[in-house]
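**Q** I'm passing along model-v1.cif; it holds mmCIF, C-alpha atoms.
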data_target
#
loop_
_atom_site.label_atom_id
_atom_site.label_comp_id
_atom_site.auth_asym_id
_atom_site.auth_seq_id
_atom_site.Cartn_x
_atom_site.Cartn_y
_atom_site.Cartn_z
CA MET A 10 -25.62 -18.90 -12.33
CA PRO A 11 -25.88 -19.02 -16.16
CA LYS A 12 -23.96 -21.66 -18.04
CA LEU A 13 -21.71 -20.68 -20.94
CA VAL A 14 -22.66 -22.51 -24.14
CA VAL A 15 -20.50 -22.66 -27.26
CA SER A 16 -22.77 -23.21 -30.27
CA GLU A 17 -21.05 -23.90 -33.59
CA PHE A 18 -21.67 -25.04 -37.15
CA LEU A 19 -18.92 -27.54 -38.04
CA THR A 20 -17.90 -29.67 -41.00
CA LEU A 21 -16.93 -33.33 -40.54
CA ASP A 22 -13.28 -32.28 -40.47
CA GLY A 23 -13.98 -29.71 -37.76
CA VAL A 24 -13.95 -26.50 -39.83
CA MET A 25 -16.02 -23.64 -38.42
CA GLN A 26 -14.92 -20.85 -40.78
CA GLY A 27 -17.41 -18.95 -42.93
CA PRO A 28 -20.48 -21.19 -42.70
CA GLY A 29 -23.08 -18.60 -43.66
CA ASP A 30 -21.77 -16.68 -46.66
CA PRO A 31 -18.98 -16.90 -49.27
CA ASN A 32 -17.59 -13.56 -48.06
CA GLU A 33 -18.15 -14.08 -44.35
CA ASP A 34 -14.51 -14.85 -43.54
CA ARG A 35 -11.92 -15.13 -46.31
CA SER A 36 -8.91 -14.85 -44.00
CA GLY A 37 -6.09 -17.25 -44.78
CA GLY A 38 -7.29 -17.50 -48.38
CA PHE A 39 -10.45 -19.40 -47.39
CA ASP A 40 -12.73 -19.61 -50.43
CA GLN A 41 -15.39 -22.12 -49.41
CA GLY A 42 -17.67 -19.93 -47.31
CA GLY A 43 -21.41 -20.55 -47.26
CA TRP A 44 -21.07 -24.32 -46.88
CA GLN A 45 -23.77 -24.55 -44.21
CA LEU A 46 -26.68 -23.14 -46.22
CA PRO A 47 -27.69 -26.23 -48.27
CA PHE A 48 -28.24 -28.28 -45.12
CA PHE A 49 -30.87 -26.15 -43.38
CA ASP A 50 -34.23 -27.82 -42.67
CA ASP A 51 -37.15 -27.53 -40.23
CA VAL A 52 -35.46 -29.72 -37.62
CA PHE A 53 -32.39 -27.49 -37.73
CA GLY A 54 -34.53 -24.36 -37.53
CA ARG A 55 -36.51 -25.54 -34.51
CA THR A 56 -33.33 -26.51 -32.71
CA ILE A 57 -31.81 -23.07 -33.31
CA MET A 58 -34.95 -21.30 -32.07
CA ASP A 59 -35.23 -23.56 -29.01
CA GLY A 60 -31.63 -22.73 -28.15
CA PHE A 61 -32.23 -19.00 -28.47
CA ALA A 62 -35.31 -19.29 -26.24
CA ASN A 63 -32.99 -20.40 -23.43
CA SER A 64 -30.50 -17.61 -24.02
CA GLY A 65 -30.09 -14.62 -21.75
CA GLY A 66 -27.42 -13.04 -23.95
CA PHE A 67 -24.60 -13.61 -26.39
CA LEU A 68 -20.83 -13.52 -25.99
CA LEU A 69 -19.12 -12.58 -29.25
CA GLY A 70 -15.66 -11.94 -30.64
CA ARG A 71 -15.03 -8.82 -32.71
CA THR A 72 -15.32 -10.40 -36.16
CA THR A 73 -18.58 -12.21 -35.41
CA TYR A 74 -19.96 -9.09 -33.74
CA GLU A 75 -19.23 -6.95 -36.78
CA ILE A 76 -20.87 -9.48 -39.12
CA PHE A 77 -23.98 -9.69 -36.95
CA ALA A 78 -24.15 -5.93 -36.30
CA ALA A 79 -24.15 -5.25 -40.05
CA TYR A 80 -26.99 -7.70 -40.64
CA TRP A 81 -29.49 -8.15 -37.83
CA PRO A 82 -30.47 -4.52 -37.14
CA ASN A 83 -31.52 -4.24 -40.79
CA GLN A 84 -33.94 -7.18 -40.73
CA SER A 85 -37.71 -6.92 -40.42
CA ALA A 86 -39.18 -6.36 -36.98
CA ASP A 87 -41.48 -9.31 -37.74
CA ASP A 88 -38.49 -11.68 -37.93
CA ALA A 89 -38.49 -13.58 -34.61
CA LEU A 90 -34.79 -14.41 -34.86
CA ALA A 91 -33.89 -10.80 -35.62
CA GLY A 92 -35.89 -9.70 -32.60
CA THR A 93 -33.96 -12.09 -30.39
CA MET A 94 -30.59 -11.04 -31.75
CA ASN A 95 -31.34 -7.33 -31.48
CA HIS A 96 -32.95 -7.22 -28.06
CA LEU A 97 -30.86 -9.65 -26.00
CA PRO A 98 -27.61 -8.38 -24.41
CA LYS A 99 -24.42 -8.81 -26.44
CA TYR A 100 -21.05 -8.95 -24.66
CA VAL A 101 -18.30 -8.22 -27.17
CA VAL A 102 -14.66 -9.14 -26.54
CA SER A 103 -12.28 -6.82 -28.39
CA THR A 104 -9.16 -4.74 -27.84
CA THR A 105 -9.77 -2.60 -30.94
CA LEU A 106 -13.44 -1.63 -30.73
CA GLN A 107 -14.48 1.33 -28.61
CA GLU A 108 -17.65 2.20 -26.74
CA PRO A 109 -20.33 3.10 -27.43
CA LEU A 110 -20.93 0.11 -29.67
CA GLY A 111 -23.36 0.72 -32.50
CA TRP A 112 -25.59 -2.35 -32.13
CA GLN A 113 -28.23 -1.95 -29.43
CA ASN A 114 -27.72 -3.71 -26.10
CA SER A 115 -24.02 -4.35 -26.76
CA THR A 116 -21.34 -4.06 -24.06
CA LEU A 117 -17.60 -4.09 -24.66
CA ILE A 118 -15.22 -6.40 -22.76
CA SER A 119 -11.66 -5.22 -23.29
CA GLY A 120 -9.88 -5.95 -20.01
CA ASN A 121 -9.02 -9.31 -18.50
CA VAL A 122 -11.29 -11.52 -20.60
CA ALA A 123 -11.25 -14.56 -18.33
CA ASP A 124 -12.04 -12.50 -15.23
CA GLU A 125 -14.80 -10.49 -16.91
CA ILE A 126 -16.50 -13.58 -18.30
CA ALA A 127 -16.23 -15.35 -14.94
CA LYS A 128 -18.08 -12.36 -13.45
CA LEU A 129 -20.82 -12.70 -16.08
CA LYS A 130 -21.22 -16.34 -15.14
CA ASP A 131 -21.62 -15.40 -11.47
CA GLN A 132 -24.71 -13.31 -12.23
CA PRO A 133 -28.23 -14.79 -12.20
CA GLY A 134 -29.98 -15.39 -15.48
CA LYS A 135 -30.35 -17.64 -18.49
CA GLU A 136 -27.44 -19.18 -20.35
CA ILE A 137 -24.90 -17.12 -22.27
CA GLN A 138 -24.34 -18.36 -25.82
CA VAL A 139 -21.19 -18.05 -27.90
CA ILE A 140 -21.74 -18.16 -31.67
CA GLY A 141 -18.86 -18.30 -34.14
CA SER A 142 -16.11 -16.21 -32.50
CA GLY A 143 -13.39 -18.80 -33.11
CA GLU A 144 -10.51 -16.90 -31.52
CA LEU A 145 -12.55 -16.05 -28.43
CA VAL A 146 -13.56 -19.71 -28.04
CA GLN A 147 -9.88 -20.67 -27.82
CA THR A 148 -9.54 -18.38 -24.81
CA LEU A 149 -12.68 -19.82 -23.21
CA ILE A 150 -11.41 -23.37 -23.68
CA ARG A 151 -7.99 -22.50 -22.31
CA HIS A 152 -9.49 -21.03 -19.15
CA GLU A 153 -12.04 -23.86 -18.76
CA LEU A 154 -15.00 -21.48 -18.96
CA VAL A 155 -17.15 -23.55 -21.35
CA ASP A 156 -20.02 -25.43 -19.67
CA GLU A 157 -21.57 -26.94 -22.78
CA TYR A 158 -20.87 -27.43 -26.48
CA ARG A 159 -23.71 -27.55 -29.02
CA LEU A 160 -22.08 -28.77 -32.19
CA MET A 161 -23.94 -29.01 -35.49
CA ILE A 162 -21.87 -31.44 -37.57
CA HIS A 163 -22.53 -31.13 -41.31
CA PRO A 164 -21.86 -33.99 -43.76
CA ILE A 165 -19.21 -32.15 -45.73
CA VAL A 166 -15.40 -32.19 -45.70
CA LEU A 167 -13.57 -29.02 -46.75
CA GLY A 168 -9.98 -29.97 -46.09
CA LYS A 169 -9.01 -26.46 -45.02
CA GLY A 170 -10.19 -23.62 -42.83
CA LYS A 171 -10.17 -22.59 -39.18
CA ARG A 172 -11.18 -25.35 -36.79
CA LEU A 173 -12.94 -25.27 -33.44
CA PHE A 174 -10.49 -27.58 -31.67
CA ARG A 175 -7.03 -26.65 -32.86
CA GLU A 176 -3.60 -28.20 -32.82
CA GLY A 177 -1.75 -27.29 -29.65
CA GLY A 178 -4.98 -26.57 -27.78
CA THR A 179 -6.01 -27.80 -24.36
CA GLY A 180 -6.89 -31.51 -24.20
CA ALA A 181 -10.22 -32.51 -22.64
CA ARG A 182 -12.81 -35.25 -22.47
CA LEU A 183 -16.43 -34.51 -23.32
CA ARG A 184 -19.61 -36.37 -22.39
CA LEU A 185 -22.43 -36.64 -24.94
CA VAL A 186 -25.75 -35.61 -23.37
CA ASP A 187 -27.99 -35.25 -26.43
CA SER A 188 -27.96 -36.15 -30.12
CA LYS A 189 -30.38 -35.72 -32.99
CA PRO A 190 -30.10 -36.00 -36.79
CA THR A 191 -31.75 -33.65 -39.26
CA THR A 192 -33.32 -34.67 -42.56
CA THR A 193 -30.23 -33.38 -44.42
CA GLY A 194 -27.74 -35.49 -42.47
CA VAL A 195 -26.60 -32.88 -39.94
CA LEU A 196 -25.91 -34.26 -36.46
CA LEU A 197 -27.00 -31.99 -33.62
CA LEU A 198 -24.78 -32.97 -30.71
CA THR A 199 -24.59 -31.60 -27.18
CA TYR A 200 -21.51 -32.27 -25.04
CA VAL A 201 -20.43 -31.20 -21.58
CA PRO A 202 -16.80 -31.20 -20.40
CA THR A 203 -15.89 -33.78 -17.78
CA ALA A 204 -13.35 -33.53 -15.00
CA GLU A 205 -11.17 -36.09 -16.79
CA VAL A 206 -8.10 -35.01 -18.72
CA ALA A 207 -7.62 -36.35 -22.23
CA ALA A 208 -5.27 -39.33 -22.33
CA ALA A 209 -1.74 -38.84 -23.64
CA PRO A 210 -0.97 -40.41 -27.04
CA VAL A 211 0.08 -44.07 -26.95
CA GLY A 212 3.83 -44.30 -26.39
CA ALA A 213 4.14 -40.76 -25.05
CA THR A 214 6.19 -40.40 -21.89
CA SER A 215 7.02 -37.41 -19.78
CA GLY A 216 10.50 -36.31 -18.87
CA ALA A 217 9.77 -37.09 -15.23
CA SER A 218 8.69 -40.67 -15.95
CA SER A 219 11.80 -41.35 -18.03
CA GLY A 220 14.09 -39.91 -15.40
CA SER A 221 14.96 -36.91 -17.54
CA GLN A 222 14.35 -33.28 -16.60
CA ARG A 223 14.73 -31.00 -19.59
#
Re-express the file's structure as structure tokens.
**A**
Amino acid sequence: MPKLVVSEFLTLDGVMQGPGDPNEDRSGGFDQGGWQLPFFDDVFGRTIMDGFANSGGFLLGRTTYEIFAAYWPNQSADDALAGTMNHLPKYVVSTTLQEPLGWQNSTLISGNVADEIAKLKDQPGKEIQVIGSGELVQTLIRHELVDEYRLMIHPIVLGKGKRLFREGGTGARLRLVDSKPTTTGVLLLTYVPTAEVAAAPVGATSGASSGSQR
């Protein structure tokens, strides 16, 4: 049974929006795209390639799929990363795209997302990796489908932008299973969810405990 791995570039304040290019995702007036690029080094590169070596496919939201599909098929056949991205299966969650999808080895998921992804996880094979795809990740978190988080925390604070863990989301506790710094100050952290539920804020009480039912 493959595990589902969420792999994300993040800032110190948790922003995941537009790491790779100024025009990658300008939604919400975001104008600080491309923030990840100055921090790349050999340690980072090896970690990325090691992760892809363990991947049996990718699970992508529509926006991330369209960004990747416009880029990777046009890269040199000698590019090892391009070869991985092009040849491995891509499972694309969208209610607006239609089959056949243009990027090779891509399959559309447009029905019950939680059920379809649970079926993918029941099949034999290597891990399934989620890259970017912020809205899709919210669904995965909500349905407790994430087996592992690989978070690449960059030493930069943006103060705005879409975050991985959002206000009003599902609380959880995570266990750190691996950590490594790069030469540029990025922390490469691997977490797995635990069975524990995140503690309620200090002073918070439920209606039941206070004798009130509202």
**Q** Find, counting all atoms listed in the file, the residue in A:Met94, A:Leu183, A:Leu106, A:Leu46 that gets nearest to A:Gly66.
**A**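 Closest candidate: A:Met94.
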**Q** For a quick check of understanding, using all atoms listed in the file, which of A:Val201, A:Leu19, A:Ala79, A:Ile137 has the smallest distance to A:Pro164?
**A**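 Answer, going by the shortest atom-to-atom distance: A:Leu19.
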**Q** Could you check which of A:Thr148, A:Asn95, A:Gly168, A:Glu136 is closest to A:Asn121, using all atoms listed in the file?
**A**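 Looking only at the distances to A:Asn121, the closest residue turns out to be A:Thr148.
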**Q** Put the listed atoms of stretch 130-145 of chain A in a box along x, y and z with 3 Å added on every side and give me the centre and edge lengths in Å to one decimal, as AutoDock Vina command-line options.
**A**
--center_x -20.4 --center_y -16.2 --center_z -22.8 --size_x 25.8 --size_y 11.9 --size_z 28.7
**Q** Fewer than 4 positions away in the same chain doesn't count, so skip those; otherwise give me all residues within 8 Å of A:Gly134, counting all atoms listed in the file, as a PyMOL selection string.
**A** chain A and resi 10-11+65
**Q** What does the distance between atom CA of A:Ser142 and atom CA of A:Gly70 come to in Å, to one decimal place?
**A** 4.7 Å
**Q** Nearest residue to A:Phe77 out of A:Ile140, A:Ile126, A:Met25, A:Val155, using all atoms listed in the file?
**A**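 For A:Phe77, the nearest of the candidates is A:Ile140.
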**Q** Going by the chain IDs and residue numbers used in this file, which residues fall under the PyMOL selection byres ((chain A and resi 100) around 7)? Write them as a PyMOL selection string.
**A** chain A and resi 67-69+98-99+101-102+115-118
**Q** Find the spatial neighbours of A:Pro202, counting all atoms listed in the file, within a cut-off of 9 Å - ignore same-chain residues fewer than 2 positions away - and output them as a PyMOL selection string.
**A** chain A and resi 153+155-158+181-184+200+204-205
**Q** Could you tell me which of A:Gln138, A:Ser103, A:Thr192, A:Phe48 comes closest to A:Glu17 if we count all atoms listed in the file?
**A**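 The shortest atom-to-atom distance to A:Glu17 comes from A:Gln138.
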**Q** Would you please work out which residue, of A:Phe174, A:Arg159, A:Leu167, A:Asp59, is nearest to A:Val186 when using all atoms listed in the file?
**A** A:Arg159
**Q** Between atom CA of A:Ala62 and atom CA of A:Thr93, what is the spacing in Å?
**A**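 Calculated distance between atom CA of A:Thr93 and atom CA of A:Ala62 is 8.4 Å.
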**Q** Mind checking which residues fall within 10 Å of A:Pro28, counting all atoms listed in the file, ignoring those fewer than 6 positions away in the same chain, and posting them as a short mmCIF file (atom, residue, chain, number, x, y, z; two decimals) with C-alpha atoms, in the coordinates of the input?
**A**
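Once everything was written out, this is selection_12.cif:
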data_model
loop_
_atom_site.label_atom_id
_atom_site.label_comp_id
_atom_site.auth_asym_id
_atom_site.auth_seq_id
_atom_site.Cartn_x
_atom_site.Cartn_y
_atom_site.Cartn_z
CA GLU A 17 -21.05 -23.90 -33.59
CA PHE A 18 -21.67 -25.04 -37.15
CA LEU A 19 -18.92 -27.54 -38.04
CA THR A 20 -17.90 -29.67 -41.00
CA ASP A 34 -14.51 -14.85 -43.54
CA GLN A 41 -15.39 -22.12 -49.41
CA GLY A 42 -17.67 -19.93 -47.31
CA GLY A 43 -21.41 -20.55 -47.26
CA TRP A 44 -21.07 -24.32 -46.88
CA GLN A 45 -23.77 -24.55 -44.21
CA LEU A 46 -26.68 -23.14 -46.22
CA GLY A 141 -18.86 -18.30 -34.14
#
**Q** Between atom CA of A:Thr104 and atom CA of A:Glu75, measure the distance and give it in Å to one decimal.
**A** 13.6 Å
**Q** Please identify all polymer residues within 10 Å of A:His152, counting all atoms listed in the file, omitting same-chain residues fewer than 5 positions from it, and present them as a VMD selection string.
**A** chain A and resid 122 to 124 127 146 to 147 179
**Q** Just write the chosen residues, C-alpha atoms, as a PDB file, keeping the file's coordinate frame.
**A**
ATOM      1  CA  VAL A 122     -11.290 -11.520 -20.600  1.00  0.00           C
ATOM      2  CA  ALA A 123     -11.250 -14.560 -18.330  1.00  0.00           C
ATOM      3  CA  ASP A 124     -12.040 -12.500 -15.230  1.00  0.00           C
ATOM      4  CA  ALA A 127     -16.230 -15.350 -14.940  1.00  0.00           C
ATOM      5  CA  VAL A 146     -13.560 -19.710 -28.040  1.00  0.00           C
ATOM      6  CA  GLN A 147      -9.880 -20.670 -27.820  1.00  0.00           C
ATOM      7  CA  THR A 179      -6.010 -27.800 -24.360  1.00  0.00           C
TER       8      THR A 179
END
**Q** Add whatever atoms are absent from stretch 101-112 of chain A to reach all heavy atoms, and provide the output as a compact mmCIF listing (two decimals), keeping the file's coordinate frame.
**A**
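Writing done, so here's selection_37.txt:
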# COMPACT_ATOMS: atom_id res chain seq x y z
N VAL A 101 -19.21 -8.18 -26.04
CA VAL A 101 -18.30 -8.22 -27.17
C VAL A 101 -16.86 -8.10 -26.68
O VAL A 101 -16.49 -7.11 -26.05
CB VAL A 101 -18.60 -7.08 -28.16
CG1 VAL A 101 -17.73 -7.22 -29.41
CG2 VAL A 101 -20.09 -7.07 -28.52
N VAL A 102 -16.05 -9.12 -26.97
CA VAL A 102 -14.66 -9.14 -26.54
C VAL A 102 -13.80 -8.57 -27.66
O VAL A 102 -13.75 -9.11 -28.77
CB VAL A 102 -14.21 -10.56 -26.19
CG1 VAL A 102 -12.72 -10.58 -25.83
CG2 VAL A 102 -15.04 -11.11 -25.04
N SER A 103 -13.12 -7.46 -27.38
CA SER A 103 -12.28 -6.82 -28.39
C SER A 103 -11.32 -5.84 -27.73
O SER A 103 -11.68 -5.18 -26.75
CB SER A 103 -13.13 -6.08 -29.42
OG SER A 103 -12.32 -5.34 -30.32
N THR A 104 -10.11 -5.75 -28.30
CA THR A 104 -9.16 -4.74 -27.84
C THR A 104 -9.08 -3.58 -28.83
O THR A 104 -8.34 -2.61 -28.59
CB THR A 104 -7.76 -5.36 -27.67
OG1 THR A 104 -7.34 -5.93 -28.92
CG2 THR A 104 -7.76 -6.43 -26.58
N THR A 105 -9.84 -3.65 -29.92
CA THR A 105 -9.77 -2.60 -30.94
C THR A 105 -11.06 -1.79 -31.04
O THR A 105 -11.01 -0.62 -31.44
CB THR A 105 -9.46 -3.21 -32.32
OG1 THR A 105 -10.45 -4.20 -32.64
CG2 THR A 105 -8.08 -3.87 -32.32
N LEU A 106 -12.20 -2.38 -30.71
CA LEU A 106 -13.44 -1.63 -30.73
C LEU A 106 -13.49 -0.66 -29.55
O LEU A 106 -12.82 -0.86 -28.54
CB LEU A 106 -14.64 -2.59 -30.67
CG LEU A 106 -14.85 -3.51 -31.86
CD1 LEU A 106 -16.01 -4.45 -31.60
CD2 LEU A 106 -15.09 -2.71 -33.14
N GLN A 107 -14.32 0.36 -29.68
CA GLN A 107 -14.48 1.33 -28.61
C GLN A 107 -15.96 1.56 -28.34
O GLN A 107 -16.80 1.46 -29.24
CB GLN A 107 -13.82 2.66 -28.98
CG GLN A 107 -12.30 2.59 -29.11
CD GLN A 107 -11.68 3.94 -29.41
OE1 GLN A 107 -12.34 4.85 -29.88
NE2 GLN A 107 -10.39 4.06 -29.13
N GLU A 108 -16.27 1.87 -27.08
CA GLU A 108 -17.65 2.20 -26.74
C GLU A 108 -17.93 3.66 -27.10
O GLU A 108 -17.01 4.49 -27.09
CB GLU A 108 -17.88 1.96 -25.24
CG GLU A 108 -17.90 0.48 -24.88
CD GLU A 108 -18.32 0.24 -23.45
OE1 GLU A 108 -17.82 0.96 -22.57
OE2 GLU A 108 -19.15 -0.65 -23.23
N PRO A 109 -19.18 4.01 -27.42
CA PRO A 109 -20.33 3.10 -27.43
C PRO A 109 -20.37 2.24 -28.69
O PRO A 109 -20.04 2.72 -29.77
CB PRO A 109 -21.52 4.06 -27.37
CG PRO A 109 -21.03 5.28 -28.09
CD PRO A 109 -19.57 5.40 -27.73
N LEU A 110 -20.77 1.00 -28.54
CA LEU A 110 -20.93 0.11 -29.67
C LEU A 110 -22.24 0.43 -30.39
O LEU A 110 -23.24 0.78 -29.76
CB LEU A 110 -20.92 -1.35 -29.21
CG LEU A 110 -19.61 -1.82 -28.56
CD1 LEU A 110 -19.76 -3.25 -28.06
CD2 LEU A 110 -18.44 -1.71 -29.53
N GLY A 111 -22.23 0.28 -31.71
CA GLY A 111 -23.36 0.72 -32.50
C GLY A 111 -24.60 -0.15 -32.40
O GLY A 111 -25.72 0.34 -32.57
N TRP A 112 -24.44 -1.44 -32.17
CA TRP A 112 -25.59 -2.35 -32.13
C TRP A 112 -26.23 -2.27 -30.75
O TRP A 112 -25.54 -2.36 -29.73
CB TRP A 112 -25.12 -3.76 -32.44
CG TRP A 112 -26.18 -4.78 -32.69
CD1 TRP A 112 -27.52 -4.56 -32.87
CD2 TRP A 112 -26.00 -6.19 -32.79
NE1 TRP A 112 -28.19 -5.73 -33.09
CE2 TRP A 112 -27.27 -6.76 -33.05
CE3 TRP A 112 -24.89 -7.02 -32.71
CZ2 TRP A 112 -27.45 -8.13 -33.19
CZ3 TRP A 112 -25.06 -8.39 -32.86
CH2 TRP A 112 -26.34 -8.94 -33.10
